[in-house]
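Coordinates from target-v2.txt are shown below (compact mmCIF, C-alpha atoms).
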# COMPACT_ATOMS: atom_id res chain seq x y z
CA MET Z 1 0.00 0.00 0.00
CA ARG Z 2 1.37 3.40 -0.95
CA THR Z 3 1.53 6.17 1.58
CA ARG Z 4 1.29 9.82 0.57
CA VAL Z 5 3.20 12.34 2.59
CA VAL Z 6 2.14 15.97 2.41
CA VAL Z 7 4.60 18.57 3.63
CA ALA Z 8 3.36 22.04 4.48
CA ILE Z 9 5.87 24.85 4.20
CA SER Z 10 5.32 28.09 6.05
CA PHE Z 11 6.53 31.31 4.47
CA ARG Z 12 8.06 32.10 7.86
CA MET Z 13 10.52 29.25 7.18
CA VAL Z 14 11.75 30.96 4.00
CA PRO Z 15 13.80 34.17 3.93
CA TRP Z 16 11.24 36.82 3.13
CA CYS Z 17 13.42 38.61 0.61
CA PHE Z 18 13.04 35.63 -1.73
CA LEU Z 19 9.29 36.06 -1.93
CA GLU Z 20 8.25 37.73 -5.14
CA ARG Z 21 4.87 38.93 -6.21
CA SER Z 22 3.52 37.67 -9.49
CA ALA Z 23 1.60 39.82 -11.93
CA ALA Z 24 -1.57 38.50 -10.33
CA GLY Z 25 -0.37 39.73 -6.95
CA ARG Z 26 0.24 36.28 -5.44
CA ALA Z 27 3.40 35.63 -3.48
CA GLY Z 28 5.69 32.94 -4.83
CA LEU Z 29 9.03 31.44 -3.91
CA VAL Z 30 12.03 32.59 -5.89
CA SER Z 31 15.34 30.75 -5.70
CA ASN Z 32 18.33 32.84 -4.74
CA THR Z 33 20.37 31.04 -7.40
CA GLY Z 34 20.51 32.68 -10.78
CA ARG Z 35 19.33 36.03 -9.47
CA PRO Z 36 21.37 38.61 -11.40
CA LYS Z 37 21.45 41.34 -8.79
CA LYS Z 38 23.22 41.38 -5.46
CA PHE Z 39 20.81 43.81 -3.83
CA LEU Z 40 17.05 43.50 -4.00
CA VAL Z 41 14.27 46.01 -3.72
CA ALA Z 42 12.66 45.16 -0.41
CA PRO Z 43 8.96 44.38 -0.63
CA GLY Z 44 6.77 47.17 0.71
CA PHE Z 45 5.29 45.37 3.69
CA GLY Z 46 5.70 46.39 7.31
CA ARG Z 47 7.30 43.64 9.39
CA LEU Z 48 6.08 44.48 12.85
CA HIS Z 49 7.92 43.09 15.85
CA THR Z 50 5.58 44.65 18.38
CA GLY Z 51 2.94 41.94 18.56
CA ARG Z 52 0.61 43.69 16.13
CA ALA Z 53 -0.53 42.24 12.81
CA MET Z 54 1.48 42.89 9.67
CA SER Z 55 0.33 45.88 7.65
CA ARG Z 56 1.28 47.65 4.47
CA PRO Z 57 3.28 50.76 5.42
CA GLU Z 58 2.05 54.14 4.30
CA PHE Z 59 5.11 56.34 3.95
CA SER Z 60 4.64 60.05 4.47
CA GLU Z 61 6.32 62.99 2.75
CA THR Z 62 8.49 63.33 5.85
CA ASP Z 63 9.58 59.69 5.53
CA GLU Z 64 10.56 60.23 1.91
CA ARG Z 65 12.42 63.44 2.70
CA HIS Z 66 14.53 61.72 5.35
CA MET Z 67 15.26 58.76 3.08
CA ARG Z 68 16.31 61.08 0.26
CA LEU Z 69 18.79 62.66 2.68
CA ALA Z 70 20.09 59.18 3.46
CA LEU Z 71 20.51 58.56 -0.28
CA ARG Z 72 22.50 61.79 -0.69
CA LEU Z 73 24.76 60.72 2.16
CA ALA Z 74 25.20 57.34 0.49
CA GLU Z 75 26.23 59.06 -2.73
CA GLU Z 76 28.78 61.15 -0.83
CA ALA Z 77 30.17 57.98 0.73
CA ALA Z 78 30.62 56.45 -2.72
CA ARG Z 79 32.57 59.48 -3.92
CA LYS Z 80 34.97 58.94 -1.01
CA GLY Z 81 35.43 55.27 -1.85
CA ASP Z 82 33.05 53.80 0.73
CA VAL Z 83 30.15 51.48 0.03
CA PRO Z 84 27.17 53.80 -0.62
CA ILE Z 85 24.97 53.44 2.44
CA GLY Z 86 23.36 56.33 4.26
CA ALA Z 87 21.37 56.63 7.49
CA VAL Z 88 19.29 59.29 9.19
CA VAL Z 89 17.88 59.29 12.72
CA ALA Z 90 14.89 61.61 12.97
CA ARG Z 91 12.15 62.57 15.36
CA GLY Z 92 9.20 63.93 13.47
CA GLY Z 93 10.41 66.31 10.80
CA GLU Z 94 13.84 66.96 12.34
CA ALA Z 95 16.95 64.89 11.68
CA PHE Z 96 19.14 64.56 14.79
CA GLY Z 97 21.75 62.24 13.35
CA SER Z 98 22.86 61.55 9.79
CA ALA Z 99 25.86 59.88 8.20
CA GLY Z 100 27.13 57.95 5.25
CA ASN Z 101 29.29 54.88 5.48
CA GLU Z 102 32.82 55.90 6.53
CA ARG Z 103 34.55 52.59 7.12
CA GLU Z 104 37.22 53.19 4.47
CA LEU Z 105 37.52 56.90 5.23
CA ARG Z 106 38.15 56.34 8.94
CA GLY Z 107 39.80 52.95 8.72
CA ASP Z 108 37.25 51.87 11.32
CA PRO Z 109 35.36 48.58 10.91
CA THR Z 110 32.49 49.92 13.02
CA ALA Z 111 32.01 53.17 11.09
CA HIS Z 112 28.83 52.06 9.38
CA ALA Z 113 26.28 54.73 8.50
CA GLU Z 114 23.76 53.53 11.11
CA VAL Z 115 26.27 53.51 13.97
CA LEU Z 116 27.54 57.01 13.14
CA ALA Z 117 24.01 58.39 12.82
CA LEU Z 118 22.98 56.81 16.14
CA ARG Z 119 26.03 58.29 17.89
CA GLU Z 120 25.30 61.77 16.57
CA ALA Z 121 21.62 61.55 17.54
CA SER Z 122 22.55 60.38 21.05
CA GLU Z 123 24.90 63.32 21.49
CA ARG Z 124 22.33 65.84 20.27
CA LEU Z 125 19.45 64.38 22.28
CA GLY Z 126 21.53 63.98 25.41
CA GLY Z 127 21.16 60.26 26.03
CA TRP Z 128 21.51 56.79 24.56
CA ARG Z 129 17.79 56.01 24.56
CA LEU Z 130 16.52 57.32 21.24
CA LEU Z 131 12.83 57.07 22.04
CA GLU Z 132 10.19 58.31 19.58
CA THR Z 133 12.67 58.29 16.71
CA THR Z 134 12.88 56.60 13.35
CA ILE Z 135 16.08 55.46 11.67
CA TYR Z 136 16.08 55.54 7.86
CA VAL Z 137 18.69 53.39 6.11
CA THR Z 138 19.24 52.87 2.40
CA LEU Z 139 20.23 49.20 2.89
CA GLU Z 140 18.96 46.54 5.28
CA PRO Z 141 21.16 46.70 8.43
CA CYS Z 142 23.89 44.18 9.13
CA PRO Z 143 24.00 42.28 12.48
CA MET Z 144 26.13 44.97 14.16
CA CYS Z 145 23.86 47.81 13.09
CA ALA Z 146 20.65 45.93 13.87
CA GLY Z 147 22.06 45.31 17.34
CA ALA Z 148 22.92 48.99 17.76
CA ILE Z 149 19.40 49.98 16.71
CA THR Z 150 17.78 47.76 19.31
CA LEU Z 151 20.26 48.83 22.02
CA ALA Z 152 19.42 52.48 21.28
CA ARG Z 153 15.70 51.67 21.77
CA VAL Z 154 14.81 53.10 18.37
CA PRO Z 155 11.12 52.24 17.92
CA ARG Z 156 10.98 52.30 14.11
CA LEU Z 157 13.31 51.25 11.30
CA VAL Z 158 12.70 52.09 7.64
CA TYR Z 159 15.06 50.78 4.97
CA GLY Z 160 15.12 50.70 1.19
CA ALA Z 161 17.01 47.77 -0.38
CA ALA Z 162 17.25 44.27 1.07
CA ASP Z 163 20.62 42.58 1.49
CA PRO Z 164 20.25 38.83 0.78
CA LYS Z 165 23.89 38.17 1.67
CA GLY Z 166 24.27 40.05 4.94
CA GLY Z 167 20.91 41.47 6.01
CA ALA Z 168 20.05 40.92 9.67
CA VAL Z 169 16.42 42.03 9.62
CA GLY Z 170 14.90 39.13 7.71
CA SER Z 171 17.04 38.39 4.66
CA VAL Z 172 19.64 36.11 6.23
CA ILE Z 173 18.71 36.28 9.91
CA ASP Z 174 16.17 38.32 11.83
CA LEU Z 175 17.95 39.63 14.89
CA PHE Z 176 14.81 41.32 16.17
CA GLU Z 177 13.15 37.92 16.58
CA ALA Z 178 16.02 36.46 18.61
CA PRO Z 179 15.24 35.70 22.28
CA VAL Z 180 18.25 37.75 23.39
CA VAL Z 181 16.63 40.94 22.07
CA ASN Z 182 14.30 42.72 24.48
CA HIS Z 183 13.45 45.68 22.22
CA ARG Z 184 11.86 44.94 18.86
CA PRO Z 185 11.38 47.92 16.55
CA THR Z 186 8.73 48.19 13.91
CA VAL Z 187 10.39 47.53 10.54
CA GLU Z 188 9.06 48.99 7.29
CA THR Z 189 10.71 48.32 3.97
CA GLY Z 190 10.85 49.42 0.36
CA LEU Z 191 11.01 53.23 0.70
CA LEU Z 192 13.03 54.42 -2.34
CA GLY Z 193 14.27 50.85 -2.59
CA GLU Z 194 14.89 50.97 -6.35
CA GLU Z 195 17.14 54.02 -5.99
CA SER Z 196 19.04 52.44 -3.11
CA ALA Z 197 19.57 49.15 -4.96
CA ALA Z 198 20.64 50.92 -8.17
CA LEU Z 199 23.20 53.01 -6.29
CA LEU Z 200 24.76 49.93 -4.74
CA GLU Z 201 24.72 47.94 -7.98
CA GLY Z 202 26.38 50.82 -9.82
CA PHE Z 203 29.08 51.15 -7.17
CA PHE Z 204 30.07 47.49 -7.30
CA SER Z 205 29.74 47.20 -11.09
CA ALA Z 206 32.29 50.01 -11.51
CA ARG Z 207 34.77 48.06 -9.40
CA ARG Z 208 34.50 44.72 -11.17
As structure tokens - that is how I would like this structure written.
Amino acid sequence: MRTRVVVAISFRMVPWCFLERSAAGRAGLVSNTGRPKKFLVAPGFGRLHTGRAMSRPEFSETDERHMRLALRLAEEAARKGDVPIGAVVARGGEAFGSAGNERELRGDPTAHAEVLALREASERLGGWRLLETTIYVTLEPCPMCAGAITLARVPRLVYGAADPKGGAVGSVIDLFEAPVVNHRPTVETGLLGEESAALLEGFFSARR
């Protein structure tokens, strides 16, 4: 007698950056092999780590303005020979910390855009707890930067392009879902993601 085995796969078991929407709007699995681009435009869905249901983010004009500043900082970083990543820490309409990647410029392995922006915001706001702020980043944060964001108690993260090789907010790992983390920001993705991905692709293509 033959036995049929049915295996159910949850989308939570698959890195979310490899989910792609078809023309009909249905999500489907996409293999990471044979994908021509290193950086992907993050899908525009809010990944909420606050116990609330997932929702589609509605970005405001203020959100876009801060992300465009992050993109300009990323462009400046590229001109100085650094990987083009920019970050802005803002509260409402005011930016309190902003930086581009300066790892090559400073010769400092920790001089990522997010870390520098968080440091500046902490100095200007007079403390390490960056409550009621949002950090805008052109690329999905790495493990170090995701850790710094949660340690700074930033309640909201918005980023543009996903990083399927080193992203720590869902692409490779999701640090915010780890038991060791006691502060889980709201994460919203896809804001100016095409521009962010194109900037990174152009930077690395010129160096091949």
Nearest residue to Ser98 (chain Z) from the set Z:Thr110, Z:Asp82, Z:Ala117, Z:Thr133 (distances using all atoms listed in the file):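 Ranking Z:Thr110, Z:Asp82, Z:Ala117, Z:Thr133 by distance to Ser98 (chain Z), first place goes to Z:Ala117.
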Fewer than 2 positions away in the same chain doesn't count, so skip those; otherwise give me all residues within 12 Å of Phe59 (chain Z), counting all atoms listed in the file, as number ranges by chain. Z: 44-46, 56-57, 61-67, 136, 158-160, 188-192
Restricting the output to C-alpha atoms, write the selected residues as a PDB file, in the coordinates of the input.
ATOM      1  CA  GLY Z  44       6.770  47.170   0.710  1.00  0.00           C
ATOM      2  CA  PHE Z  45       5.290  45.370   3.690  1.00  0.00           C
ATOM      3  CA  GLY Z  46       5.700  46.390   7.310  1.00  0.00           C
ATOM      4  CA  ARG Z  56       1.280  47.650   4.470  1.00  0.00           C
ATOM      5  CA  PRO Z  57       3.280  50.760   5.420  1.00  0.00           C
ATOM      6  CA  GLU Z  61       6.320  62.990   2.750  1.00  0.00           C
ATOM      7  CA  THR Z  62       8.490  63.330   5.850  1.00  0.00           C
ATOM      8  CA  ASP Z  63       9.580  59.690   5.530  1.00  0.00           C
ATOM      9  CA  GLU Z  64      10.560  60.230   1.910  1.00  0.00           C
ATOM     10  CA  ARG Z  65      12.420  63.440   2.700  1.00  0.00           C
ATOM     11  CA  HIS Z  66      14.530  61.720   5.350  1.00  0.00           C
ATOM     12  CA  MET Z  67      15.260  58.760   3.080  1.00  0.00           C
ATOM     13  CA  TYR Z 136      16.080  55.540   7.860  1.00  0.00           C
ATOM     14  CA  VAL Z 158      12.700  52.090   7.640  1.00  0.00           C
ATOM     15  CA  TYR Z 159      15.060  50.780   4.970  1.00  0.00           C
ATOM     16  CA  GLY Z 160      15.120  50.700   1.190  1.00  0.00           C
ATOM     17  CA  GLU Z 188       9.060  48.990   7.290  1.00  0.00           C
ATOM     18  CA  THR Z 189      10.710  48.320   3.970  1.00  0.00           C
ATOM     19  CA  GLY Z 190      10.850  49.420   0.360  1.00  0.00           C
ATOM     20  CA  LEU Z 191      11.010  53.230   0.700  1.00  0.00           C
ATOM     21  CA  LEU Z 192      13.030  54.420  -2.340  1.00  0.00           C
TER      22      LEU Z 192
END
Do a neighbour search on Gly167 (chain Z) at 10 Å with all atoms listed in the file, toss out local chain neighbours closer than 3 positions, and write the hits as a short mmCIF file (atom, residue, chain, number, x, y, z; two decimals) with C-alpha atoms, in the frame of the given file.
data_model
loop_
_atom_site.label_atom_id
_atom_site.label_comp_id
_atom_site.auth_asym_id
_atom_site.auth_seq_id
_atom_site.Cartn_x
_atom_site.Cartn_y
_atom_site.Cartn_z
CA CYS Z 17 13.42 38.61 0.61
CA LEU Z 139 20.23 49.20 2.89
CA GLU Z 140 18.96 46.54 5.28
CA PRO Z 141 21.16 46.70 8.43
CA CYS Z 142 23.89 44.18 9.13
CA PRO Z 143 24.00 42.28 12.48
CA CYS Z 145 23.86 47.81 13.09
CA ALA Z 146 20.65 45.93 13.87
CA ALA Z 161 17.01 47.77 -0.38
CA ALA Z 162 17.25 44.27 1.07
CA ASP Z 163 20.62 42.58 1.49
CA PRO Z 164 20.25 38.83 0.78
CA GLY Z 170 14.90 39.13 7.71
CA SER Z 171 17.04 38.39 4.66
CA VAL Z 172 19.64 36.11 6.23
CA ILE Z 173 18.71 36.28 9.91
CA ASP Z 174 16.17 38.32 11.83
CA LEU Z 175 17.95 39.63 14.89
#
Within 12 Å of file point (18.1, 64.0, 17.2), counting only C-alpha atoms, expressed as a PDB file with C-alpha atoms, in the frame of the given file:
ATOM      1  CA  VAL Z  88      19.290  59.290   9.190  1.00  0.00           C
ATOM      2  CA  VAL Z  89      17.880  59.290  12.720  1.00  0.00           C
ATOM      3  CA  ALA Z  90      14.890  61.610  12.970  1.00  0.00           C
ATOM      4  CA  ARG Z  91      12.150  62.570  15.360  1.00  0.00           C
ATOM      5  CA  GLY Z  92       9.200  63.930  13.470  1.00  0.00           C
ATOM      6  CA  GLY Z  93      10.410  66.310  10.800  1.00  0.00           C
ATOM      7  CA  GLU Z  94      13.840  66.960  12.340  1.00  0.00           C
ATOM      8  CA  ALA Z  95      16.950  64.890  11.680  1.00  0.00           C
ATOM      9  CA  PHE Z  96      19.140  64.560  14.790  1.00  0.00           C
ATOM     10  CA  GLY Z  97      21.750  62.240  13.350  1.00  0.00           C
ATOM     11  CA  SER Z  98      22.860  61.550   9.790  1.00  0.00           C
ATOM     12  CA  ALA Z 117      24.010  58.390  12.820  1.00  0.00           C
ATOM     13  CA  LEU Z 118      22.980  56.810  16.140  1.00  0.00           C
ATOM     14  CA  ARG Z 119      26.030  58.290  17.890  1.00  0.00           C
ATOM     15  CA  GLU Z 120      25.300  61.770  16.570  1.00  0.00           C
ATOM     16  CA  ALA Z 121      21.620  61.550  17.540  1.00  0.00           C
ATOM     17  CA  SER Z 122      22.550  60.380  21.050  1.00  0.00           C
ATOM     18  CA  GLU Z 123      24.900  63.320  21.490  1.00  0.00           C
ATOM     19  CA  ARG Z 124      22.330  65.840  20.270  1.00  0.00           C
ATOM     20  CA  LEU Z 125      19.450  64.380  22.280  1.00  0.00           C
ATOM     21  CA  GLY Z 126      21.530  63.980  25.410  1.00  0.00           C
ATOM     22  CA  GLY Z 127      21.160  60.260  26.030  1.00  0.00           C
ATOM     23  CA  TRP Z 128      21.510  56.790  24.560  1.00  0.00           C
ATOM     24  CA  ARG Z 129      17.790  56.010  24.560  1.00  0.00           C
ATOM     25  CA  LEU Z 130      16.520  57.320  21.240  1.00  0.00           C
ATOM     26  CA  LEU Z 131      12.830  57.070  22.040  1.00  0.00           C
ATOM     27  CA  GLU Z 132      10.190  58.310  19.580  1.00  0.00           C
ATOM     28  CA  THR Z 133      12.670  58.290  16.710  1.00  0.00           C
ATOM     29  CA  THR Z 134      12.880  56.600  13.350  1.00  0.00           C
ATOM     30  CA  ILE Z 135      16.080  55.460  11.670  1.00  0.00           C
ATOM     31  CA  VAL Z 154      14.810  53.100  18.370  1.00  0.00           C
TER      32      VAL Z 154
END
If I take CA of Ala148 (chain Z) and CA of Gly107 (chain Z), how far is one from the other in Å, to one decimal?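 Interatomic distance here is 19.6 Å.
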Pick from Z:Pro179, Z:Pro84, Z:Gly166, Z:Pro185, whichever lies nearest to Leu151 (chain Z) using all atoms listed in the file: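 Smallest separation from Leu151 (chain Z) among the options: Z:Pro185.
In this structure, CA of Leu73 (chain Z) sits 6.2 Å away from CA of Ala99 (chain Z).
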Atomic separation - CA of Ala87 (chain Z) relative to CA of Arg184 (chain Z), Å: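 Answer for the CA of Arg184 (chain Z) to CA of Ala87 (chain Z) separation: 18.9 Å.
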Could you check the closest approach to Ala197 (chain Z) for each of Z:Val181, Z:Val137, Z:Leu69, Z:Ala168 and tell me which residue wins, using all atoms listed in the file? Z:Val137
At most 8 Å from (26.3, 60.3, 4.8), file frame, all atoms listed in the file: which residues, as a ChimeraX atom specification? /Z:70-77,85-87,98-101,113
Contacts of Asn182 (chain Z) within 10 Å, only C-alpha atoms, excl. fewer than 6 positions in-chain, as a ChimeraX atom specification: /Z:150-151,153,176
Which of Z:Met144, Z:Ser60, Z:Thr138, Z:Ile149 sits closest to Pro109 (chain Z) [using all atoms listed in the file]: Z:Met144
